[in-house]
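Undergrad: Here you go, this is data-v3.txt (compact mmCIF, C-alpha atoms).
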```txt
# COMPACT_ATOMS: atom_id res chain seq x y z
CA MET O 157 0.00 0.00 0.00
CA ALA O 158 2.87 2.39 0.79
CA ALA O 159 4.04 2.08 -2.82
CA ASP O 160 0.66 3.20 -4.16
CA ASN O 161 0.63 6.80 -5.33
CA LEU O 162 -2.08 6.66 -7.97
CA SER O 163 -2.36 10.12 -9.54
CA ALA O 164 -4.67 11.87 -12.03
CA VAL O 165 -2.24 13.36 -14.54
CA LEU O 166 -3.16 15.77 -17.33
CA TYR O 167 -0.76 15.28 -20.24
CA LYS O 168 -2.37 17.76 -22.58
CA GLN O 169 -5.78 19.03 -23.59
CA ASP O 170 -8.38 16.23 -23.29
CA ASP O 171 -5.73 13.73 -22.18
CA LEU O 172 -6.20 12.79 -18.51
CA ARG O 173 -4.51 9.58 -17.33
CA LEU O 174 -4.40 7.63 -14.09
CA GLU O 175 -0.88 6.48 -13.35
CA GLN O 176 1.49 5.62 -10.52
CA ARG O 177 3.97 8.27 -9.46
CA GLU O 178 6.88 8.29 -7.05
CA ILE O 179 6.07 8.98 -3.39
CA VAL O 180 8.14 12.02 -2.49
CA LYS O 181 9.61 12.52 0.98
CA PRO O 182 8.93 15.85 2.70
CA GLY O 183 11.77 18.37 2.71
CA LYS O 184 12.74 20.81 5.41
CA GLY O 185 9.66 22.57 6.79
CA GLU O 186 7.35 20.29 4.79
CA VAL O 187 4.88 17.54 5.59
CA GLN O 188 3.72 14.59 3.55
CA VAL O 189 -0.06 14.39 3.36
CA ALA O 190 -1.96 11.18 2.75
CA VAL O 191 -4.65 12.84 0.67
CA HIS O 192 -8.23 12.01 1.60
CA SER O 193 -10.61 14.36 -0.25
CA VAL O 194 -10.16 16.61 -3.28
CA GLY O 195 -12.91 18.80 -4.70
CA ILE O 196 -13.00 19.39 -8.44
CA CYS O 197 -12.80 23.07 -9.34
CA GLY O 198 -13.90 24.70 -12.56
CA SER O 199 -10.25 25.53 -13.22
CA ASP O 200 -9.38 21.81 -13.22
CA VAL O 201 -12.02 21.19 -15.88
CA HIS O 202 -10.79 24.23 -17.84
CA TYR O 203 -7.24 22.89 -17.93
CA LEU O 204 -8.56 19.51 -19.03
CA ARG O 205 -10.68 20.87 -21.88
CA LYS O 206 -8.68 23.93 -22.93
CA GLY O 207 -5.14 23.08 -21.83
CA ARG O 208 -4.67 26.55 -20.39
CA ILE O 209 -6.13 29.37 -18.33
CA GLY O 210 -4.87 32.71 -19.63
CA ASP O 211 -1.08 32.71 -19.53
CA PHE O 212 -0.95 29.46 -17.51
CA ILE O 213 -0.45 26.79 -20.18
CA VAL O 214 -0.07 23.02 -19.68
CA LYS O 215 3.25 22.25 -21.37
CA ALA O 216 4.18 19.09 -19.44
CA PRO O 217 2.27 16.35 -17.57
CA MET O 218 0.61 17.86 -14.49
CA VAL O 219 -1.36 16.33 -11.62
CA LEU O 220 -4.72 18.08 -11.27
CA GLY O 221 -6.57 19.08 -8.08
CA HIS O 222 -6.09 21.71 -5.37
CA GLU O 223 -9.12 21.61 -3.03
CA THR O 224 -7.57 19.26 -0.52
CA SER O 225 -7.67 17.62 2.89
CA GLY O 226 -5.87 14.61 4.32
CA THR O 227 -3.81 13.14 7.13
CA ILE O 228 -0.17 13.89 7.93
CA SER O 229 1.78 10.74 7.04
CA GLU O 230 5.32 12.06 7.54
CA VAL O 231 6.95 15.28 8.76
CA GLY O 232 10.12 16.88 7.45
CA GLU O 233 13.01 18.44 9.31
CA GLY O 234 12.09 21.29 11.63
CA VAL O 235 8.32 20.75 11.62
CA THR O 236 6.89 21.05 15.13
CA SER O 237 3.39 22.42 14.48
CA LEU O 238 2.05 19.15 13.06
CA LYS O 239 2.57 15.45 13.72
CA VAL O 240 1.82 12.18 11.99
CA GLY O 241 -1.88 11.43 12.26
CA ASP O 242 -3.09 15.03 12.29
CA ARG O 243 -5.99 15.75 9.96
CA VAL O 244 -5.41 18.88 7.88
CA ALA O 245 -6.75 21.15 5.18
CA VAL O 246 -4.14 22.16 2.63
CA GLU O 247 -3.94 25.76 1.41
CA PRO O 248 -2.69 24.93 -2.09
CA GLY O 249 -0.52 27.96 -2.80
CA TYR O 250 2.61 29.11 -1.03
CA PRO O 251 4.71 32.23 -1.77
CA CYS O 252 8.37 33.14 -1.61
CA LYS O 253 7.89 34.96 1.76
CA MET O 254 10.61 37.44 0.77
CA CYS O 255 9.12 39.88 -1.77
CA ASP O 256 7.35 43.17 -1.03
CA PHE O 257 3.92 41.60 -1.53
CA CYS O 258 4.67 38.84 0.97
CA LYS O 259 6.08 41.28 3.50
CA ALA O 260 3.00 43.49 3.12
CA GLY O 261 0.71 40.53 3.84
CA ARG O 262 -0.57 40.20 0.27
CA TYR O 263 1.19 36.95 -0.56
CA ASN O 264 -1.48 35.96 -3.09
CA LEU O 265 0.15 38.53 -5.39
CA CYS O 266 3.64 37.06 -4.97
CA PRO O 267 5.21 36.68 -8.43
CA GLU O 268 6.92 33.46 -7.27
CA MET O 269 3.73 31.81 -6.04
CA THR O 270 3.71 28.01 -6.23
CA PHE O 271 0.10 26.91 -6.61
CA ALA O 272 -1.07 23.31 -6.88
CA ALA O 273 -2.37 22.31 -10.32
CA THR O 274 -1.32 25.59 -11.91
CA PRO O 275 1.34 24.98 -14.57
CA PRO O 276 4.07 23.96 -14.09
CA PHE O 277 3.24 22.71 -10.57
CA ASP O 278 1.58 19.39 -9.77
CA GLY O 279 -1.69 19.28 -7.88
CA THR O 280 -3.09 17.08 -5.16
CA LEU O 281 -5.25 14.52 -6.94
CA CYS O 282 -3.08 11.64 -5.78
CA ARG O 283 -2.50 9.41 -2.75
CA PHE O 284 0.46 11.35 -1.29
CA TYR O 285 1.44 14.99 -1.59
CA CYS O 286 4.16 17.12 0.06
CA HIS O 287 3.51 20.69 1.14
CA PRO O 288 4.91 23.38 3.50
CA ALA O 289 3.68 22.71 7.02
CA ASP O 290 2.72 26.34 7.63
CA PHE O 291 0.17 26.14 4.82
CA CYS O 292 -1.55 23.10 6.32
CA TYR O 293 -4.27 23.74 8.91
CA LYS O 294 -5.21 21.21 11.55
CA LEU O 295 -8.86 20.22 11.44
CA PRO O 296 -10.82 19.89 14.69
CA ASP O 297 -12.63 16.59 15.18
CA SER O 298 -15.95 18.24 14.34
CA VAL O 299 -14.81 19.15 10.79
CA SER O 300 -14.91 16.37 8.21
CA PHE O 301 -12.40 15.75 5.42
CA GLU O 302 -14.96 16.93 2.86
CA GLU O 303 -15.49 20.16 4.75
CA GLY O 304 -11.71 20.54 4.96
CA ALA O 305 -11.44 20.25 1.18
CA LEU O 306 -14.16 22.88 0.73
CA LEU O 307 -12.19 25.41 2.77
CA GLU O 308 -10.46 26.28 -0.52
CA PRO O 309 -13.52 27.63 -2.38
CA LEU O 310 -14.81 29.01 0.91
CA SER O 311 -11.59 31.01 1.25
CA VAL O 312 -12.27 32.54 -2.18
CA ALA O 313 -15.60 33.75 -0.81
CA VAL O 314 -14.02 35.08 2.39
CA HIS O 315 -11.56 37.10 0.31
CA ALA O 316 -14.29 38.36 -2.05
CA CYS O 317 -16.54 39.46 0.81
CA ARG O 318 -13.66 41.19 2.55
CA ARG O 319 -12.76 42.98 -0.69
CA ALA O 320 -16.41 44.07 -0.94
CA GLY O 321 -16.45 45.15 2.69
CA ILE O 322 -19.71 43.31 3.35
CA THR O 323 -21.06 44.06 6.79
CA MET O 324 -24.28 44.41 8.79
CA GLY O 325 -27.15 45.99 6.88
CA ASP O 326 -25.74 45.51 3.38
CA THR O 327 -27.91 44.40 0.49
CA VAL O 328 -25.84 41.99 -1.56
CA LEU O 329 -26.31 40.67 -5.08
CA VAL O 330 -24.42 37.49 -5.98
CA CYS O 331 -24.29 36.84 -9.73
CA GLY O 332 -24.10 33.11 -10.42
CA ALA O 333 -25.28 30.22 -8.25
CA GLY O 334 -22.48 27.78 -9.00
CA PRO O 335 -20.18 26.54 -6.21
CA ILE O 336 -18.34 29.89 -5.87
CA GLY O 337 -21.57 31.88 -5.96
CA LEU O 338 -23.10 29.69 -3.28
CA VAL O 339 -20.15 30.00 -0.90
CA ASN O 340 -20.27 33.77 -1.41
CA LEU O 341 -23.94 33.63 -0.45
CA LEU O 342 -23.04 31.76 2.73
CA VAL O 343 -20.21 34.10 3.69
CA SER O 344 -22.26 37.22 2.90
CA LYS O 345 -24.91 36.02 5.32
CA ALA O 346 -22.24 35.24 7.93
CA CYS O 347 -20.87 38.78 7.51
CA GLY O 348 -24.24 40.18 8.52
CA ALA O 349 -25.75 41.21 5.20
CA SER O 350 -29.42 42.00 5.73
CA ARG O 351 -30.47 40.64 2.36
CA VAL O 352 -28.69 38.50 -0.22
CA ALA O 353 -30.10 38.00 -3.70
CA ILE O 354 -28.59 35.58 -6.19
CA THR O 355 -29.00 35.14 -9.94
CA ASP O 356 -28.55 32.22 -12.32
CA LEU O 357 -29.92 30.67 -15.48
CA ASP O 358 -30.39 27.27 -13.81
CA GLU O 359 -33.53 26.75 -11.74
CA LYS O 360 -32.04 23.83 -9.78
CA ARG O 361 -29.06 25.87 -8.66
CA LEU O 362 -31.37 28.66 -7.55
CA GLU O 363 -33.37 26.13 -5.54
CA MET O 364 -30.14 25.10 -3.80
CA ALA O 365 -29.39 28.78 -3.13
CA LYS O 366 -32.83 29.24 -1.59
CA ASN O 367 -32.26 26.23 0.66
CA LEU O 368 -28.91 27.72 1.73
CA GLY O 369 -30.56 30.94 2.86
CA ALA O 370 -30.82 33.27 -0.13
CA ASP O 371 -33.44 35.94 0.52
CA LEU O 372 -34.24 36.27 -3.16
CA THR O 373 -33.45 34.04 -6.14
CA ILE O 374 -33.65 35.48 -9.64
CA GLN O 375 -33.70 33.34 -12.75
CA VAL O 376 -32.09 35.33 -15.56
CA GLU O 377 -33.91 35.24 -18.87
CA LYS O 378 -31.80 34.56 -21.93
CA GLY O 379 -31.94 37.30 -24.53
CA LYS O 380 -32.37 40.14 -22.03
CA THR O 381 -29.88 42.98 -22.08
CA ALA O 382 -27.68 43.70 -19.08
CA GLU O 383 -29.68 46.87 -18.37
CA GLU O 384 -32.98 44.99 -18.55
CA ILE O 385 -31.66 42.33 -16.16
CA ALA O 386 -30.42 45.02 -13.75
CA CYS O 387 -33.76 46.81 -13.85
CA HIS O 388 -35.56 43.56 -13.07
CA ILE O 389 -33.21 42.86 -10.14
CA LYS O 390 -33.80 46.30 -8.62
CA GLN O 391 -37.56 45.95 -9.04
CA LEU O 392 -37.59 42.61 -7.22
CA LEU O 393 -35.35 43.93 -4.43
CA ASN O 394 -37.21 47.24 -4.31
CA GLU O 395 -33.78 48.89 -4.09
CA ALA O 396 -30.35 48.82 -5.68
CA PRO O 397 -27.90 46.45 -3.95
CA ASN O 398 -24.83 48.23 -2.58
CA LYS O 399 -22.51 45.23 -2.80
CA ILE O 400 -22.20 42.98 -5.85
CA ILE O 401 -20.22 39.73 -6.03
CA GLU O 402 -19.90 38.62 -9.67
CA CYS O 403 -19.05 34.92 -9.92
CA THR O 404 -19.73 33.97 -13.55
CA GLY O 405 -17.10 35.89 -15.53
CA VAL O 406 -19.71 36.36 -18.26
CA GLU O 407 -19.70 39.82 -19.83
CA SER O 408 -23.47 40.30 -19.71
CA SER O 409 -23.57 39.27 -16.05
CA ILE O 410 -20.70 41.59 -15.11
CA ASN O 411 -22.46 44.49 -16.78
CA ALA O 412 -25.81 43.62 -15.22
CA GLY O 413 -24.12 43.74 -11.83
CA ILE O 414 -22.63 47.16 -12.58
CA PHE O 415 -25.96 48.57 -13.80
CA ALA O 416 -27.75 47.12 -10.76
CA ALA O 417 -25.28 48.50 -8.20
CA LYS O 418 -26.30 51.39 -6.01
CA SER O 419 -24.37 54.59 -6.70
CA GLY O 420 -21.29 54.58 -4.53
CA GLY O 421 -21.49 50.79 -4.25
CA ILE O 422 -18.86 48.11 -4.84
CA VAL O 423 -18.66 45.41 -7.51
CA VAL O 424 -16.19 42.61 -6.88
CA ILE O 425 -15.44 40.46 -9.93
CA VAL O 426 -14.58 36.89 -8.93
CA GLY O 427 -15.41 34.91 -12.07
CA MET O 428 -12.83 34.67 -14.82
CA GLY O 429 -14.19 34.47 -18.36
CA LYS O 430 -12.82 36.05 -21.50
CA PRO O 431 -9.47 37.85 -21.17
CA GLU O 432 -11.16 41.09 -22.26
CA VAL O 433 -14.74 42.27 -21.74
CA LYS O 434 -16.60 45.46 -22.61
CA MET O 435 -17.85 47.37 -19.57
CA PRO O 436 -20.07 50.49 -19.18
CA VAL O 437 -17.25 52.73 -17.99
CA PHE O 438 -19.19 55.99 -18.06
CA ASN O 439 -21.94 54.44 -15.95
CA PHE O 440 -19.73 53.30 -13.10
CA LEU O 441 -17.48 56.37 -13.26
CA ALA O 442 -20.35 58.83 -13.10
CA ARG O 443 -21.90 56.97 -10.17
CA GLU O 444 -18.62 56.27 -8.34
CA VAL O 445 -19.20 52.51 -8.35
CA ASP O 446 -15.95 50.79 -7.36
CA ILE O 447 -14.90 47.83 -9.51
CA ARG O 448 -12.56 45.47 -7.68
CA GLY O 449 -10.92 42.20 -8.62
CA ILE O 450 -9.73 39.33 -6.52
CA PHE O 451 -7.02 36.75 -7.10
CA ARG O 452 -7.53 33.61 -5.07
CA TYR O 453 -7.28 34.60 -1.36
CA VAL O 454 -4.84 35.72 1.30
CA ASN O 455 -4.85 34.92 5.02
CA CYS O 456 -8.35 33.47 4.62
CA TYR O 457 -7.98 29.79 5.49
CA PRO O 458 -8.08 30.32 9.29
CA ILE O 459 -11.25 32.40 8.90
CA ALA O 460 -12.87 29.85 6.60
CA LEU O 461 -12.02 27.08 9.06
CA SER O 462 -13.47 29.02 12.00
CA LEU O 463 -16.68 29.69 10.06
CA VAL O 464 -17.15 25.96 9.42
CA ALA O 465 -16.01 24.78 12.87
CA SER O 466 -18.31 27.23 14.65
CA GLY O 467 -21.30 26.33 12.52
CA ALA O 468 -21.62 29.86 11.14
CA VAL O 469 -21.32 28.40 7.63
CA ASN O 470 -22.54 24.97 6.53
CA VAL O 471 -20.84 23.72 3.36
CA LYS O 472 -22.01 20.11 3.65
CA PRO O 473 -25.01 20.49 1.30
CA LEU O 474 -22.71 21.64 -1.49
CA VAL O 475 -21.26 18.15 -1.98
CA THR O 476 -23.65 16.37 -4.32
CA HIS O 477 -21.41 13.74 -5.96
CA ARG O 478 -18.60 11.54 -4.65
CA PHE O 479 -16.13 9.36 -6.56
CA LYS O 480 -13.07 7.24 -5.84
CA LEU O 481 -9.70 8.32 -7.21
CA GLU O 482 -9.91 5.46 -9.69
CA GLU O 483 -13.10 7.07 -11.06
CA SER O 484 -11.50 10.49 -11.66
CA ILE O 485 -12.34 10.62 -15.37
CA LYS O 486 -16.01 9.97 -14.60
CA ALA O 487 -15.88 12.59 -11.86
CA PHE O 488 -14.60 15.21 -14.31
CA GLU O 489 -17.29 14.29 -16.82
CA THR O 490 -19.94 14.73 -14.12
CA THR O 491 -18.55 18.14 -13.19
CA GLU O 492 -18.39 19.24 -16.81
CA LYS O 493 -22.03 18.32 -17.36
CA GLY O 494 -23.03 20.59 -14.48
CA GLU O 495 -24.68 17.76 -12.59
CA GLY O 496 -25.18 18.79 -8.98
CA ILE O 497 -22.98 21.38 -7.31
CA LYS O 498 -19.66 20.10 -5.98
CA VAL O 499 -17.96 16.84 -6.94
CA VAL O 500 -15.47 15.41 -4.43
CA ILE O 501 -12.95 12.66 -5.15
CA GLN O 502 -11.83 10.41 -2.29
CA CYS O 503 -8.15 9.61 -2.75
CA SER O 504 -7.78 7.50 0.37
CA LYS O 505 -8.43 3.76 0.10
CA GLU O 506 -10.06 3.73 3.54
```
As structure tokens - that is how I would like this structure written.
TA:
Amino acid sequence: MAADNLSAVLYKQDDLRLEQREIVKPGKGEVQVAVHSVGICGSDVHYLRKGRIGDFIVKAPMVLGHETSGTISEVGEGVTSLKVGDRVAVEPGYPCKMCDFCKAGRYNLCPEMTFAATPPFDGTLCRFYCHPADFCYKLPDSVSFEEGALLEPLSVAVHACRRAGITMGDTVLVCGAGPIGLVNLLVSKACGASRVAITDLDEKRLEMAKNLGADLTIQVEKGKTAEEIACHIKQLLNEAPNKIIECTGVESSINAGIFAAKSGGIVVIVGMGKPEVKMPVFNFLAREVDIRGIFRYVNCYPIALSLVASGAVNVKPLVTHRFKLEESIKAFETTEKGEGIKVVIQCSKE
């Protein structure tokens, strides 16, 4: 069993293979994680079907996966914060710790960032994975492996809501009810937003959003202009939302969010779509609507963990499909079809 490091390796576009890889020993300051659960992210599917995301291009075989939890199976030199047997969530990116961005506490902008399953770095969809100990977070007994894996998308939402400055009394519009939209719904509510509305084309996803606590679900009609959609949103809310979290990356949705925003409000763009989109610049300039981007997250894992451990956020309903590591190809096909919400792969044989 110790020799088994089955891994899901992407060789090139549309070429995902399951193969054995060497089990690497942890280096100084690192731990070896016996991976238990890995959630499939939209970026994983994008690499599989497109072979790239922007400037990140798959040029050599790469293990997929970055939403990860597992058990410490070995510790490297100098590691005292964790021990063999500890259950952990893995924050998949680690920076150089030396540059100005790292020193200023914005390590997500580090130009030397090493991020799992972002070319050229291998991901975590395997039996064993080595990672810096200080980017592994011990899970309390009350938090499951699946919840630990979902701390990654939840951290995206924590960062987005912090960038938006969501607080008590805010009226929030979340555009898109996919996994990232839904965790932004959950975190917005935890931040104290008085009302959270969410949009999507898919009625089933909106039903999930309603069950998770959305105050208003809005099914977007195809063929409507961004201004028409925004007008409809404001009519249903009876006001303009002051905080917008855009999670689709679709041009029409981004613009609908801008048109819907209250003057002086904030639009945070989370979703990544086309490299370039047209935006109503005069509209948001004249109304002093702030447009903000996010890139992953920074110093968010401890907050995400505390939200789950305290019960302030419940991510369990998001997991709708489960597969074994040996079924990875089927798991990706299920994700690509949009069946359910979150697909989780169990890498452990237990």
Undergrad: What's around Glu489 of chain O at 9 Å? Count all atoms listed in the file, leave out sequence neighbours fewer than 5 positions away in its own chain, and write the answer as a list in words.
TA: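 My reading of the contact set: Val201, Ser484 and Gly494 of chain O.
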Undergrad: To one decimal place in Å, what is the distance between atom CA of Lys184 of chain O and atom CA of Phe284 of chain O?
TA: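 Result for atom CA of Lys184 of chain O versus atom CA of Phe284 of chain O: 16.9 Å, one decimal.
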Undergrad: To one decimal place, how far is atom CA of Val424 of chain O from atom CA of Ala313 of chain O in Å?
TA: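 Computed distance, atom CA of Val424 of chain O to atom CA of Ala313 of chain O, equals 10.8 Å.
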Undergrad: In Å, with one decimal, what is the gap from atom CA of Met218 of chain O to atom CA of Glu247 of chain O?
TA: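 That distance, rounded to one decimal, is 18.3 Å.
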Undergrad: Excluding same-chain residues fewer than 5 positions from Cys331 of chain O, what lies within 7 Å of it counting only C-alpha atoms, as a VMD selection string?
TA: chain O and resid 337 354 to 356 401 to 404 409
Undergrad: Find, counting all atoms listed in the file, the residue in O:Cys503, O:Leu368, O:Val469, O:Ala382 that gets nearest to Glu482 of chain O.
TA: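 Going through O:Cys503, O:Leu368, O:Val469, O:Ala382 one by one, the smallest distance to Glu482 of chain O is for O:Cys503.
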Undergrad: Calculated over only C-alpha atoms, which of the candidates O:Asp200, O:Asp256, O:Ala333, O:Ala289 has the smallest distance to Gly183 of chain O?
TA: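 Result for the nearest residue to Gly183 of chain O: O:Ala289.
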Undergrad: Once you count only C-alpha atoms, what closest atom pair and distance in Å to one decimal does each residue of segment 415-500 of chain O within 12 Å of segment 163-166 of chain O have, with rows by chain and rising residue number, as a Markdown table?
TA:
```
| residue | atom | partner | partner_atom | distance |
| --- | --- | --- | --- | --- |
| O:Lys480 | CA | O:Ala164 | CA | 11.4 |
| O:Leu481 | CA | O:Ala164 | CA | 7.8 |
| O:Glu482 | CA | O:Ala164 | CA | 8.6 |
| O:Glu483 | CA | O:Ala164 | CA | 9.7 |
| O:Ser484 | CA | O:Ala164 | CA | 7.0 |
| O:Ile485 | CA | O:Ala164 | CA | 8.5 |
| O:Lys486 | CA | O:Ala164 | CA | 11.8 |
| O:Ala487 | CA | O:Ala164 | CA | 11.2 |
| O:Phe488 | CA | O:Ala164 | CA | 10.7 |
```
Undergrad: Near Leu204 of chain O, counting all atoms listed in the file, which residues have an atom at most 9 Å away, once you skip same-chain residues fewer than 3 positions from it, shown as a ChimeraX atom specification?
TA: /O:166-172,199-201,207-208,220,488
Undergrad: Might you pull out every residue within 12 Å of Asp211 of chain O, with all atoms listed in the file counted and same-chain residues fewer than 2 positions away left off, and present them as a list in words?
TA: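 Surrounding residues, per the criterion: Tyr203, Gly207, Arg208, Ile209, Ile213, Val214, Lys215, Thr274, Pro275, Pro276 and Pro431 of chain O.
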Undergrad: Would you give me, as a Markdown table, each residue of segment 386-489 of chain O having an atom within 12 Å of an atom of segment 248-251 of chain O, along with its shortest atom pair and that distance in Å to one decimal, using only C-alpha atoms and sorting by chain and residue number?
TA:
```
| residue | atom | partner | partner_atom | distance |
| --- | --- | --- | --- | --- |
| O:Phe451 | CA | O:Gly249 | CA | 11.7 |
| O:Arg452 | CA | O:Gly249 | CA | 9.3 |
| O:Tyr453 | CA | O:Gly249 | CA | 9.6 |
| O:Val454 | CA | O:Gly249 | CA | 9.8 |
| O:Asn455 | CA | O:Tyr250 | CA | 11.2 |
| O:Tyr457 | CA | O:Pro248 | CA | 10.4 |
```
Undergrad: What would segment 249-257 of chain O look like with all heavy atoms in place, written as a CSV table (one decimal), in the coordinates of the input?
TA:
```
chain,number,residue,atom,x,y,z
O,249,GLY,N,-1.6,27.1,-2.3
O,249,GLY,CA,-0.5,28.0,-2.8
O,249,GLY,C,0.4,28.4,-1.7
O,249,GLY,O,0.0,28.7,-0.6
O,250,TYR,N,1.7,28.5,-2.0
O,250,TYR,CA,2.6,29.1,-1.0
O,250,TYR,C,3.6,30.0,-1.8
O,250,TYR,O,4.0,29.8,-2.9
O,250,TYR,CB,3.3,28.0,-0.2
O,250,TYR,CG,4.1,27.0,-1.0
O,250,TYR,CD1,5.5,27.3,-1.3
O,250,TYR,CD2,3.6,25.9,-1.5
O,250,TYR,CE1,6.2,26.3,-2.0
O,250,TYR,CE2,4.3,25.0,-2.3
O,250,TYR,CZ,5.6,25.2,-2.5
O,250,TYR,OH,6.3,24.3,-3.2
O,251,PRO,N,3.9,31.2,-1.1
O,251,PRO,CA,4.7,32.2,-1.8
O,251,PRO,C,6.2,32.1,-1.4
O,251,PRO,O,6.6,31.3,-0.6
O,251,PRO,CB,4.1,33.5,-1.2
O,251,PRO,CG,3.7,33.1,0.2
O,251,PRO,CD,3.3,31.6,0.2
O,252,CYS,N,6.9,33.1,-1.9
O,252,CYS,CA,8.4,33.1,-1.6
O,252,CYS,C,8.7,33.6,-0.2
O,252,CYS,O,9.7,33.3,0.4
O,252,CYS,CB,9.1,34.0,-2.6
O,252,CYS,SG,8.8,35.8,-2.4
O,253,LYS,N,7.8,34.4,0.4
O,253,LYS,CA,7.9,35.0,1.8
O,253,LYS,C,8.9,36.1,1.9
O,253,LYS,O,9.2,36.5,3.0
O,253,LYS,CB,8.2,33.9,2.8
O,253,LYS,CG,7.2,32.7,2.8
O,253,LYS,CD,7.5,31.7,3.8
O,253,LYS,CE,6.5,30.5,3.8
O,253,LYS,NZ,6.9,29.4,4.7
O,254,MET,N,9.5,36.5,0.7
O,254,MET,CA,10.6,37.4,0.8
O,254,MET,C,10.3,38.7,0.0
O,254,MET,O,10.9,39.8,0.3
O,254,MET,CB,11.9,36.8,0.1
O,254,MET,CG,12.4,35.6,0.8
O,254,MET,SD,13.0,35.9,2.5
O,254,MET,CE,14.5,36.8,2.0
O,255,CYS,N,9.4,38.7,-0.9
O,255,CYS,CA,9.1,39.9,-1.8
O,255,CYS,C,8.3,40.9,-1.0
O,255,CYS,O,7.8,40.7,0.1
O,255,CYS,CB,8.4,39.5,-3.1
O,255,CYS,SG,6.7,38.9,-2.9
O,256,ASP,N,8.1,42.1,-1.6
O,256,ASP,CA,7.4,43.2,-1.0
O,256,ASP,C,5.9,42.8,-0.8
O,256,ASP,O,5.3,43.2,0.2
O,256,ASP,CB,7.4,44.4,-1.9
O,256,ASP,CG,8.8,45.1,-1.9
O,256,ASP,OD1,9.6,44.8,-1.0
O,256,ASP,OD2,9.1,45.9,-2.8
O,257,PHE,N,5.3,42.0,-1.7
O,257,PHE,CA,3.9,41.6,-1.5
O,257,PHE,C,3.8,40.7,-0.3
O,257,PHE,O,2.9,40.8,0.5
O,257,PHE,CB,3.4,40.9,-2.8
O,257,PHE,CG,3.2,41.8,-4.0
O,257,PHE,CD1,4.1,41.7,-5.1
O,257,PHE,CD2,2.3,42.8,-4.0
O,257,PHE,CE1,3.9,42.5,-6.2
O,257,PHE,CE2,2.1,43.6,-5.1
O,257,PHE,CZ,2.9,43.5,-6.2
```
